[in-house]
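Shown below: run.txt, with compact mmCIF, C-alpha atoms and all ligand atoms.
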```
# COMPACT_ATOMS: atom_id res chain seq x y z
CA MET A 1 -4.60 -20.62 3.99
CA ARG A 2 -3.48 -23.55 6.11
CA SER A 3 -6.15 -25.81 4.66
CA LEU A 4 -5.20 -24.69 1.14
CA PHE A 5 -1.56 -25.56 1.85
CA GLU A 6 -2.52 -28.91 3.37
CA ALA A 7 -4.46 -29.79 0.24
CA ARG A 8 -2.27 -28.31 -2.50
CA ALA A 9 1.19 -27.29 -1.22
CA ALA A 10 2.94 -29.73 -3.57
CA LYS A 11 1.58 -27.74 -6.51
CA ILE A 12 2.19 -24.26 -5.07
CA ALA A 13 5.49 -22.57 -5.99
CA ALA A 14 4.92 -19.30 -4.21
CA LEU A 15 2.43 -17.28 -2.25
CA ILE A 16 2.06 -13.59 -3.10
CA VAL A 17 0.66 -11.27 -0.46
CA GLU A 18 0.39 -7.55 0.03
CA PRO A 19 1.42 -7.31 3.68
CA LEU A 20 -0.59 -5.37 6.31
CA VAL A 21 -2.87 -3.55 3.85
CA GLN A 22 -4.47 -5.12 0.78
CA CYS A 23 -4.89 -1.86 -1.02
CA ALA A 24 -6.80 -2.59 -4.23
CA ALA A 25 -9.09 -4.95 -2.26
CA GLY A 26 -10.47 -1.87 -0.49
CA MET A 27 -7.73 -1.04 2.01
CA ALA A 28 -8.32 -4.28 3.91
CA MET A 29 -5.99 -4.28 6.91
CA HIS A 30 -4.79 -7.33 8.80
CA ASP A 31 -2.62 -7.89 11.84
CA ALA A 32 1.12 -8.34 11.34
CA SER A 33 0.81 -11.76 12.98
CA TYR A 34 -1.00 -12.95 9.84
CA ILE A 35 2.18 -12.36 7.83
CA ALA A 36 4.28 -14.11 10.47
CA GLY A 37 1.83 -17.03 10.22
CA LEU A 38 2.14 -17.12 6.42
CA ARG A 39 5.93 -17.17 6.73
CA ALA A 40 5.70 -20.15 9.10
CA LEU A 41 3.31 -21.97 6.73
CA CYS A 42 5.58 -21.28 3.73
CA ASP A 43 8.57 -22.60 5.68
CA GLN A 44 6.66 -25.68 6.77
CA TYR A 45 5.47 -26.53 3.24
CA GLY A 46 8.49 -25.37 1.22
CA VAL A 47 6.63 -22.57 -0.58
CA HIS A 48 8.29 -19.27 -1.46
CA LEU A 49 6.80 -16.16 0.10
CA ILE A 50 6.57 -13.08 -2.14
CA THR A 51 5.53 -9.82 -0.54
CA ASP A 52 4.26 -7.12 -2.85
CA GLU A 53 5.34 -3.95 -1.06
CA ILE A 54 4.83 -1.69 -4.07
CA ALA A 55 2.17 0.29 -2.21
CA VAL A 56 2.92 -0.53 1.43
CA GLY A 57 6.74 -0.36 1.33
CA CYS A 58 9.08 2.61 1.70
CA GLY A 59 7.70 3.80 5.02
CA ARG A 60 4.00 3.80 4.13
CA THR A 61 2.92 1.54 7.02
CA GLY A 62 5.27 3.04 9.62
CA THR A 63 8.32 0.85 9.06
CA PHE A 64 10.43 0.96 5.91
CA PHE A 65 9.23 -2.51 4.88
CA ALA A 66 5.78 -3.62 6.03
CA CYS A 67 7.25 -7.10 6.71
CA GLU A 68 9.42 -5.70 9.46
CA GLN A 69 6.32 -5.40 11.64
CA ALA A 70 5.83 -9.15 11.37
CA GLY A 71 9.51 -9.76 12.19
CA ILE A 72 9.97 -11.84 9.04
CA TRP A 73 11.63 -11.63 5.63
CA PRO A 74 10.00 -12.91 2.46
CA ASP A 75 11.91 -14.80 -0.25
CA PHE A 76 11.06 -12.09 -2.77
CA LEU A 77 10.09 -8.51 -2.04
CA CYS A 78 8.64 -6.22 -4.73
CA LEU A 79 9.10 -2.46 -4.55
CA SER A 80 8.13 0.43 -6.79
CA LYS A 81 6.15 3.67 -6.32
CA GLY A 82 7.71 5.13 -3.15
CA ILE A 83 11.23 3.87 -3.84
CA SER A 84 11.82 6.70 -6.32
CA GLY A 85 9.65 9.16 -4.40
CA GLY A 86 7.17 8.98 -7.28
CA TYR A 87 9.47 11.01 -9.51
CA LEU A 88 10.58 8.32 -11.95
CA PRO A 89 9.34 4.81 -12.69
CA LEU A 90 11.42 2.09 -11.11
CA SER A 91 10.56 -1.40 -9.96
CA ILE A 92 12.77 -3.66 -7.88
CA VAL A 93 12.57 -7.29 -6.84
CA LEU A 94 14.74 -8.13 -3.87
CA SER A 95 15.59 -11.76 -3.28
CA ARG A 96 17.80 -14.03 -1.25
CA ASP A 97 21.32 -14.91 -2.40
CA GLU A 98 20.47 -18.59 -2.79
CA ILE A 99 17.58 -17.75 -5.13
CA PHE A 100 19.69 -15.31 -7.15
CA ASP A 101 22.44 -17.92 -7.38
CA ALA A 102 19.98 -20.52 -8.68
CA PHE A 103 19.34 -18.31 -11.71
CA TYR A 104 22.97 -17.29 -12.22
CA HIS A 105 25.48 -19.25 -14.24
CA ASP A 106 28.63 -18.35 -16.16
CA ASP A 107 27.43 -20.67 -18.93
CA THR A 108 24.86 -18.64 -20.87
CA ALA A 109 22.97 -21.83 -21.76
CA ARG A 110 22.26 -22.34 -18.05
CA GLY A 111 21.91 -18.79 -16.78
CA PHE A 112 18.53 -17.10 -16.66
CA LEU A 113 19.06 -14.24 -19.09
CA HIS A 114 15.68 -12.57 -18.85
CA SER A 115 15.67 -8.81 -18.33
CA HIS A 116 13.70 -5.73 -19.33
CA SER A 117 14.72 -3.02 -21.77
CA TYR A 118 15.16 -0.40 -19.07
CA THR A 119 16.40 -2.60 -16.25
CA GLY A 120 18.62 -0.60 -13.93
CA ASN A 121 17.81 2.71 -15.65
CA PRO A 122 20.47 5.04 -14.19
CA LEU A 123 18.22 8.10 -13.79
CA ALA A 124 15.51 6.12 -12.03
CA CYS A 125 18.12 4.46 -9.80
CA ARG A 126 19.55 7.88 -8.97
CA ALA A 127 16.06 9.06 -7.94
CA ALA A 128 15.78 5.97 -5.71
CA LEU A 129 19.16 6.63 -4.12
CA ALA A 130 18.15 10.25 -3.47
CA THR A 131 14.95 8.96 -1.84
CA LEU A 132 16.93 6.58 0.38
CA ASP A 133 19.26 9.47 1.31
CA LEU A 134 16.21 11.45 2.47
CA PHE A 135 15.06 8.51 4.61
CA ALA A 136 18.48 8.50 6.25
CA SER A 137 19.02 12.26 6.66
CA ASP A 138 15.49 13.45 7.53
CA ASN A 139 14.25 10.60 9.74
CA VAL A 140 11.21 10.24 7.50
CA LEU A 141 9.72 7.38 9.55
CA ALA A 142 9.60 9.49 12.73
CA ALA A 143 8.19 12.46 10.83
CA ASN A 144 5.52 10.22 9.29
CA ALA A 145 4.53 8.89 12.73
CA HIS A 146 3.94 12.47 13.81
CA LYS A 147 1.94 13.24 10.66
CA SER A 148 -0.24 10.16 10.91
CA ALA A 149 -1.10 11.02 14.53
CA LYS A 150 -2.12 14.52 13.41
CA LEU A 151 -4.23 13.21 10.56
CA ARG A 152 -5.79 10.58 12.78
CA SER A 153 -7.01 13.13 15.29
CA ALA A 154 -8.22 15.45 12.52
CA LEU A 155 -10.26 12.59 11.02
CA ALA A 156 -11.57 11.41 14.42
CA PRO A 157 -14.96 13.18 14.08
CA LEU A 158 -15.73 10.70 11.27
CA GLU A 159 -15.88 7.95 13.89
CA GLU A 160 -19.18 9.40 15.15
CA HIS A 161 -20.57 9.88 11.64
CA ALA A 162 -23.74 7.85 11.06
CA HIS A 163 -22.61 6.91 7.53
CA VAL A 164 -19.04 5.88 8.38
CA ARG A 165 -18.00 2.35 9.21
CA ASN A 166 -14.61 0.92 10.11
CA LEU A 167 -12.40 4.01 10.16
CA ARG A 168 -8.97 2.43 10.07
CA GLN A 169 -5.33 3.35 9.83
CA CYS A 170 -1.98 1.74 9.15
CA GLY A 171 0.95 4.15 9.14
CA THR A 172 -0.03 6.91 6.73
CA ILE A 173 -2.85 4.91 5.11
CA PHE A 174 -6.32 5.91 6.29
CA ALA A 175 -9.63 4.45 5.14
CA PHE A 176 -13.28 4.19 6.02
CA ASP A 177 -16.31 2.57 4.43
CA ALA A 178 -19.24 4.77 3.47
CA VAL A 179 -22.62 3.37 4.48
CA ILE A 180 -24.85 3.90 1.44
CA GLU A 181 -28.10 1.93 1.60
CA ASN A 182 -29.27 2.36 -1.97
CA ALA A 183 -27.40 0.09 -4.40
CA GLN A 184 -27.55 2.59 -7.28
CA ASP A 185 -26.19 5.35 -5.03
CA ALA A 186 -23.41 3.03 -3.88
CA ARG A 187 -22.44 2.47 -7.54
CA THR A 188 -22.16 6.19 -8.28
CA PHE A 189 -20.59 7.11 -4.94
CA SER A 190 -16.96 6.87 -6.02
CA ARG A 191 -17.41 9.06 -9.10
CA ARG A 192 -19.43 11.67 -7.17
CA PHE A 193 -16.95 11.71 -4.30
CA PHE A 194 -14.04 12.11 -6.73
CA GLU A 195 -15.74 15.09 -8.41
CA ASN A 196 -16.68 16.74 -5.12
CA ALA A 197 -13.13 16.26 -3.89
CA LEU A 198 -11.67 17.84 -7.04
CA GLN A 199 -13.81 20.92 -6.43
CA ARG A 200 -12.08 21.15 -3.04
CA GLU A 201 -8.58 20.72 -4.54
CA LEU A 202 -8.22 17.12 -3.38
CA LEU A 203 -7.41 14.14 -5.56
CA LEU A 204 -9.32 11.32 -3.86
CA ARG A 205 -10.55 8.24 -5.62
CA PRO A 206 -12.61 5.88 -3.47
CA ILE A 207 -12.53 2.15 -4.24
CA ALA A 208 -16.29 1.54 -4.59
CA THR A 209 -17.56 2.89 -1.24
CA THR A 210 -14.20 2.75 0.55
CA VAL A 211 -12.73 6.22 0.94
CA TYR A 212 -8.98 6.23 1.53
CA LEU A 213 -6.17 8.71 2.04
CA MET A 214 -2.54 7.96 1.19
CA PRO A 215 -1.03 11.44 1.47
CA PRO A 216 2.43 12.29 0.20
CA TYR A 217 5.03 12.48 2.99
CA ILE A 218 5.77 16.15 2.28
CA LEU A 219 2.47 17.49 3.66
CA ASP A 220 2.92 19.81 6.63
CA ASP A 221 0.57 20.07 9.61
CA GLU A 222 -1.53 22.77 8.00
CA GLU A 223 -1.97 20.77 4.80
CA LEU A 224 -2.88 17.67 6.79
CA ALA A 225 -5.59 19.63 8.64
CA LEU A 226 -6.88 20.89 5.29
CA LEU A 227 -6.88 17.37 3.88
CA ALA A 228 -8.92 16.10 6.83
CA SER A 229 -11.47 18.91 6.90
CA ARG A 230 -12.00 18.88 3.14
CA THR A 231 -12.32 15.10 3.11
CA ARG A 232 -15.12 15.44 5.67
CA GLU A 233 -16.76 18.22 3.63
CA THR A 234 -16.47 16.16 0.46
CA PHE A 235 -18.09 13.19 2.17
CA ASP A 236 -21.02 15.26 3.47
CA ALA A 237 -21.47 16.95 0.09
CA THR A 238 -21.55 13.54 -1.62
CA LEU A 239 -24.04 12.16 0.91
CA ALA A 240 -26.25 15.24 0.41
CA GLU A 241 -26.46 14.37 -3.29
CA VAL A 242 -27.57 10.79 -2.72
CA HIS A 243 -29.80 11.16 0.34
C1 LIG B 301 0.81 -0.12 -8.23
C2 LIG B 301 0.87 -1.52 -7.75
C3 LIG B 301 1.26 -2.57 -8.59
C4 LIG B 301 1.55 -2.34 -10.04
O1 LIG B 301 2.88 -2.02 -10.20
P1 LIG B 301 3.42 -1.72 -11.67
O2 LIG B 301 4.85 -1.47 -11.45
O3 LIG B 301 2.66 -0.51 -12.14
O4 LIG B 301 3.11 -2.91 -12.47
C5 LIG B 301 1.34 -3.84 -8.08
N1 LIG B 301 1.06 -4.08 -6.79
C6 LIG B 301 0.69 -3.12 -5.96
C7 LIG B 301 0.41 -3.45 -4.53
C8 LIG B 301 0.57 -1.80 -6.40
O5 LIG B 301 0.20 -0.84 -5.56
```
Take the structure in the file and write it out as structure tokens.
Ligand SMILES: *Cc1c(COP(=O)(O)O)cnc(C)c1O
Amino acid sequence: MRSLFEARAAKIAALIVEPLVQCAAGMAMHDASYIAGLRALCDQYGVHLITDEIAVGCGRTGTFFACEQAGIWPDFLCLSKGISGGYLPLSIVLSRDEIFDAFYHDDTARGFLHSHSYTGNPLACRAALATLDLFASDNVLAANAHKSAKLRSALAPLEEHAHVRNLRQCGTIFAFDAVIENAQDARTFSRRFFENALQRELLLRPIATTVYLMPPYILDDEELALLASRTRETFDATLAEVH
């Protein structure tokens, strides 16, 4: 990233990153110091930093914002999904006052008047406020830390599994890579795993051969144990089909 900035920073307006866990890339996890390093680079080269916390925000990685773990703030922060507890669609872009002010003007010819039809939808905002109330009243972050420790120990036997590589965790995101030698089997793995999981009342959708769990925060200890044991059963059942 530094060499990219050195070569092209004058032509880069902003850097977008999904902090701590790059989810769609296969639950690729990086150290928080990487985000702190990106912030320093953006500051040095005058590039805005945008963090997409749609998946990793709202407590998913252990802190409310993933960026908190890097001790930095971005210039723009995107939220959705967890902010309304998944009950209603809402997306939010948080920004700094000086950026907001740059777009704001009393003269309509100079103001940036772009918006979306349902911007600030009151029902969706109410769902988000109710979610934030729960974070405040129920100490969701502490409860999640307890739950992720439970799930981690219930998944631990996978570490010894001959066909499991890189069992990893960030907050309540868990992932591992399935070792499937045959290329054709690797291509059908996700579909087979999904179907085997459904038969066990789990909705799990691996990204290629990366199996991941992002459980809802409401699961209790018993449900977490069930999730772990059935994930292991699903994996073995899927391997049995391809080996
Ligand atoms: C789901 C998701 C999106 C897409 O958000 P939409 O509001 O559906 O456009 C973008 N980024 C990340 C990281 C996501 O998880």
task = In the coordinate frame of the file, compute which residues have an atom within 12 Å of (-20.4, 19.4, -6.9) when using all atoms listed in the file, and state them as a list in words.
result =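 The requested residues, written out, are Arg191, Arg192, Phe193, Phe194, Glu195, Asn196, Ala197, Leu198, Gln199, Arg200, Glu233, Thr234, Phe235, Asp236, Ala237, Thr238, Leu239, Ala240, Glu241 and Val242 of chain A.
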Output C-alpha atoms for every residue in the selection just made, as a compact mmCIF listing (two decimals), in the coordinates of the input.
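Okay, this is what ended up in part_34.txt:
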```txt
# COMPACT_ATOMS: atom_id res chain seq x y z
CA ARG A 191 -17.41 9.06 -9.10
CA ARG A 192 -19.43 11.67 -7.17
CA PHE A 193 -16.95 11.71 -4.30
CA PHE A 194 -14.04 12.11 -6.73
CA GLU A 195 -15.74 15.09 -8.41
CA ASN A 196 -16.68 16.74 -5.12
CA ALA A 197 -13.13 16.26 -3.89
CA LEU A 198 -11.67 17.84 -7.04
CA GLN A 199 -13.81 20.92 -6.43
CA ARG A 200 -12.08 21.15 -3.04
CA GLU A 233 -16.76 18.22 3.63
CA THR A 234 -16.47 16.16 0.46
CA PHE A 235 -18.09 13.19 2.17
CA ASP A 236 -21.02 15.26 3.47
CA ALA A 237 -21.47 16.95 0.09
CA THR A 238 -21.55 13.54 -1.62
CA LEU A 239 -24.04 12.16 0.91
CA ALA A 240 -26.25 15.24 0.41
CA GLU A 241 -26.46 14.37 -3.29
CA VAL A 242 -27.57 10.79 -2.72
```
Contacts of region 25-75 of chain A with region 11-17 of chain A up to 12 Å, shortest pair per row, all atoms listed in the file, as a tab-separated table:
```
residue	atom	partner	partner_atom	distance
A:Ala25	CA	A:Val17	CA	11.8
A:His30	CA	A:Val17	CA	11.4
A:Tyr34	CA	A:Val17	CA	10.6
A:Ile35	CA	A:Val17	CA	8.5
A:Ala36	CA	A:Val17	CA	11.9
A:Leu38	CA	A:Leu15	CA	8.7
A:Arg39	CA	A:Leu15	CA	9.6
A:Leu41	CA	A:Leu15	CA	10.2
A:Cys42	CA	A:Leu15	CA	7.9
A:Asp43	CA	A:Ala14	CA	11.0
A:Tyr45	CA	A:Ile12	CA	9.2
A:Gly46	CA	A:Ala13	CA	8.3
A:Val47	CA	A:Ala14	CA	5.2
A:His48	CA	A:Ala14	CA	4.3
A:Leu49	CA	A:Leu15	CA	5.1
A:Ile50	CA	A:Ile16	CA	4.6
A:Thr51	CA	A:Val17	CA	5.1
A:Asp52	CA	A:Val17	CA	6.0
A:Glu53	CA	A:Val17	CA	8.7
A:Ile54	CA	A:Val17	CA	11.1
A:Ala55	CA	A:Val17	CA	11.8
A:Val56	CA	A:Val17	CA	11.1
A:Ala66	CA	A:Val17	CA	11.3
A:Cys67	CA	A:Val17	CA	10.6
A:Pro74	CA	A:Ile16	CA	9.7
A:Asp75	CA	A:Ala14	CA	9.2
```
With only C-alpha atoms as the counted atoms, please give the residues lying no more than 10 Å from region 215-218 of chain A, apart from itself and same-chain residues fewer than 3 positions off, as an mmCIF file with C-alpha atoms, keeping the file's coordinate frame.
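Dumped everything to selection-v3.cif:
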```
data_model
loop_
_atom_site.group_PDB
_atom_site.id
_atom_site.type_symbol
_atom_site.label_atom_id
_atom_site.label_comp_id
_atom_site.auth_asym_id
_atom_site.auth_seq_id
_atom_site.Cartn_x
_atom_site.Cartn_y
_atom_site.Cartn_z
ATOM 1 C CA GLY A 59 7.700 3.800 5.020
ATOM 2 C CA ARG A 60 4.000 3.800 4.130
ATOM 3 C CA GLY A 82 7.710 5.130 -3.150
ATOM 4 C CA GLY A 85 9.650 9.160 -4.400
ATOM 5 C CA GLY A 86 7.170 8.980 -7.280
ATOM 6 C CA VAL A 140 11.210 10.240 7.500
ATOM 7 C CA LEU A 141 9.720 7.380 9.550
ATOM 8 C CA ALA A 143 8.190 12.460 10.830
ATOM 9 C CA ASN A 144 5.520 10.220 9.290
ATOM 10 C CA LYS A 147 1.940 13.240 10.660
ATOM 11 C CA SER A 148 -0.240 10.160 10.910
ATOM 12 C CA LEU A 151 -4.230 13.210 10.560
ATOM 13 C CA THR A 172 -0.030 6.910 6.730
ATOM 14 C CA ILE A 173 -2.850 4.910 5.110
ATOM 15 C CA PHE A 174 -6.320 5.910 6.290
ATOM 16 C CA LEU A 203 -7.410 14.140 -5.560
ATOM 17 C CA LEU A 204 -9.320 11.320 -3.860
ATOM 18 C CA TYR A 212 -8.980 6.230 1.530
ATOM 19 C CA ASP A 221 0.570 20.070 9.610
ATOM 20 C CA GLU A 223 -1.970 20.770 4.800
ATOM 21 C CA LEU A 224 -2.880 17.670 6.790
ATOM 22 C CA LEU A 227 -6.880 17.370 3.880
#
```
message: Let me make sure I understand: among A:Leu158, A:Ala102, A:Met214, A:Ala70, which one has the smallest atom-to-atom distance to ligand LIG 301 (chain B) if we use all atoms listed in the file?
response: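 Looking at the shortest contact to ligand LIG 301 (chain B), the residue is A:Met214.
Of the listed residues A:Gln69, A:Ser80, A:Thr63, A:Ser33, the one whose atoms come nearest to ligand LIG 301 (chain B) is A:Ser80, with distances taken using only C-alpha atoms and all ligand atoms.
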If I wrap all listed atoms of region 20-30 of chain A in a box with edges along x, y and z and add 5 Å on each side, what are its centre and edge lengths in Å to one decimal, as JSON?
```
{"center_x": -5.5, "center_y": -4.2, "center_z": 2.3, "size_x": 19.9, "size_y": 16.3, "size_z": 23.0}
```
How far is it from CA of Asp185 (chain A) to CA of Ala154 (chain A), in Å with one decimal?
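Answer for the CA of Asp185 (chain A) to CA of Ala154 (chain A) separation: 27.1 Å.
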Note to self: Using Å and a single decimal, report how far CA of Lys81 (chain A) sits from atom C3 of ligand LIG 301 (chain B).
What the structure shows: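 Taking atom C3 of ligand LIG 301 (chain B) and CA of Lys81 (chain A), their separation equals 8.2 Å.
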Judged by all atoms listed in the file, the minimum distance to Pro206 (chain A) among A:Cys23, A:Gln184, A:Ala10, A:Tyr87 is found for A:Cys23
Pull N, CA and C atoms for region 110-133 of chain A from the block and write them as a tab-separated table (two decimals), in the first residue's frame.
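Output file out38.tsv is given in full below:
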```
chain	number	residue	atom	x	y	z
A	110	ARG	N	-24.82	25.74	-4.62
A	110	ARG	CA	-23.51	25.30	-4.14
A	110	ARG	C	-23.59	24.09	-3.22
A	111	GLY	N	-24.75	23.86	-2.64
A	111	GLY	CA	-24.87	22.71	-1.74
A	111	GLY	C	-24.91	21.41	-2.52
A	112	PHE	N	-24.58	20.34	-1.86
A	112	PHE	CA	-24.61	19.02	-2.51
A	112	PHE	C	-25.94	18.39	-2.15
A	113	LEU	N	-26.89	18.39	-3.09
A	113	LEU	CA	-28.27	18.07	-2.75
A	113	LEU	C	-28.63	16.60	-2.97
A	114	HIS	N	-27.63	15.77	-3.16
A	114	HIS	CA	-27.92	14.37	-3.44
A	114	HIS	C	-28.50	13.67	-2.20
A	115	SER	N	-29.54	12.88	-2.42
A	115	SER	CA	-30.03	12.03	-1.33
A	115	SER	C	-30.72	10.83	-1.96
A	116	HIS	N	-31.23	9.95	-1.12
A	116	HIS	CA	-31.95	8.77	-1.61
A	116	HIS	C	-33.41	8.87	-1.19
A	117	SER	N	-34.27	8.18	-1.93
A	117	SER	CA	-35.71	8.30	-1.68
A	117	SER	C	-36.07	8.06	-0.22
A	118	TYR	N	-35.43	7.05	0.39
A	118	TYR	CA	-35.83	6.69	1.74
A	118	TYR	C	-34.80	7.10	2.79
A	119	THR	N	-33.99	8.10	2.47
A	119	THR	CA	-33.01	8.58	3.43
A	119	THR	C	-33.70	8.93	4.75
A	120	GLY	N	-33.13	8.46	5.84
A	120	GLY	CA	-33.65	8.80	7.16
A	120	GLY	C	-35.02	8.19	7.43
A	121	ASN	N	-35.33	7.07	6.79
A	121	ASN	CA	-36.63	6.42	7.01
A	121	ASN	C	-36.90	6.26	8.51
A	122	PRO	N	-38.01	6.85	9.00
A	122	PRO	CA	-38.22	6.90	10.45
A	122	PRO	C	-38.33	5.53	11.12
A	123	LEU	N	-38.98	4.58	10.45
A	123	LEU	CA	-39.10	3.24	11.07
A	123	LEU	C	-37.74	2.57	11.19
A	124	ALA	N	-36.95	2.67	10.12
A	124	ALA	CA	-35.62	2.05	10.15
A	124	ALA	C	-34.75	2.72	11.20
A	125	CYS	N	-34.86	4.06	11.30
A	125	CYS	CA	-34.07	4.78	12.31
A	125	CYS	C	-34.52	4.38	13.72
A	126	ARG	N	-35.82	4.14	13.87
A	126	ARG	CA	-36.31	3.74	15.19
A	126	ARG	C	-35.73	2.37	15.57
A	127	ALA	N	-35.66	1.46	14.56
A	127	ALA	CA	-35.08	0.14	14.81
A	127	ALA	C	-33.61	0.28	15.22
A	128	ALA	N	-32.91	1.23	14.57
A	128	ALA	CA	-31.50	1.45	14.91
A	128	ALA	C	-31.37	2.00	16.33
A	129	LEU	N	-32.25	2.93	16.68
A	129	LEU	CA	-32.18	3.49	18.04
A	129	LEU	C	-32.47	2.41	19.08
A	130	ALA	N	-33.42	1.53	18.77
A	130	ALA	CA	-33.73	0.43	19.69
A	130	ALA	C	-32.53	-0.49	19.83
A	131	THR	N	-31.81	-0.71	18.71
A	131	THR	CA	-30.60	-1.54	18.76
A	131	THR	C	-29.55	-0.89	19.65
A	132	LEU	N	-29.35	0.42	19.46
A	132	LEU	CA	-28.36	1.13	20.28
A	132	LEU	C	-28.74	1.10	21.76
A	133	ASP	N	-30.06	1.19	22.04
A	133	ASP	CA	-30.53	1.09	23.43
A	133	ASP	C	-30.13	-0.26	24.03
```
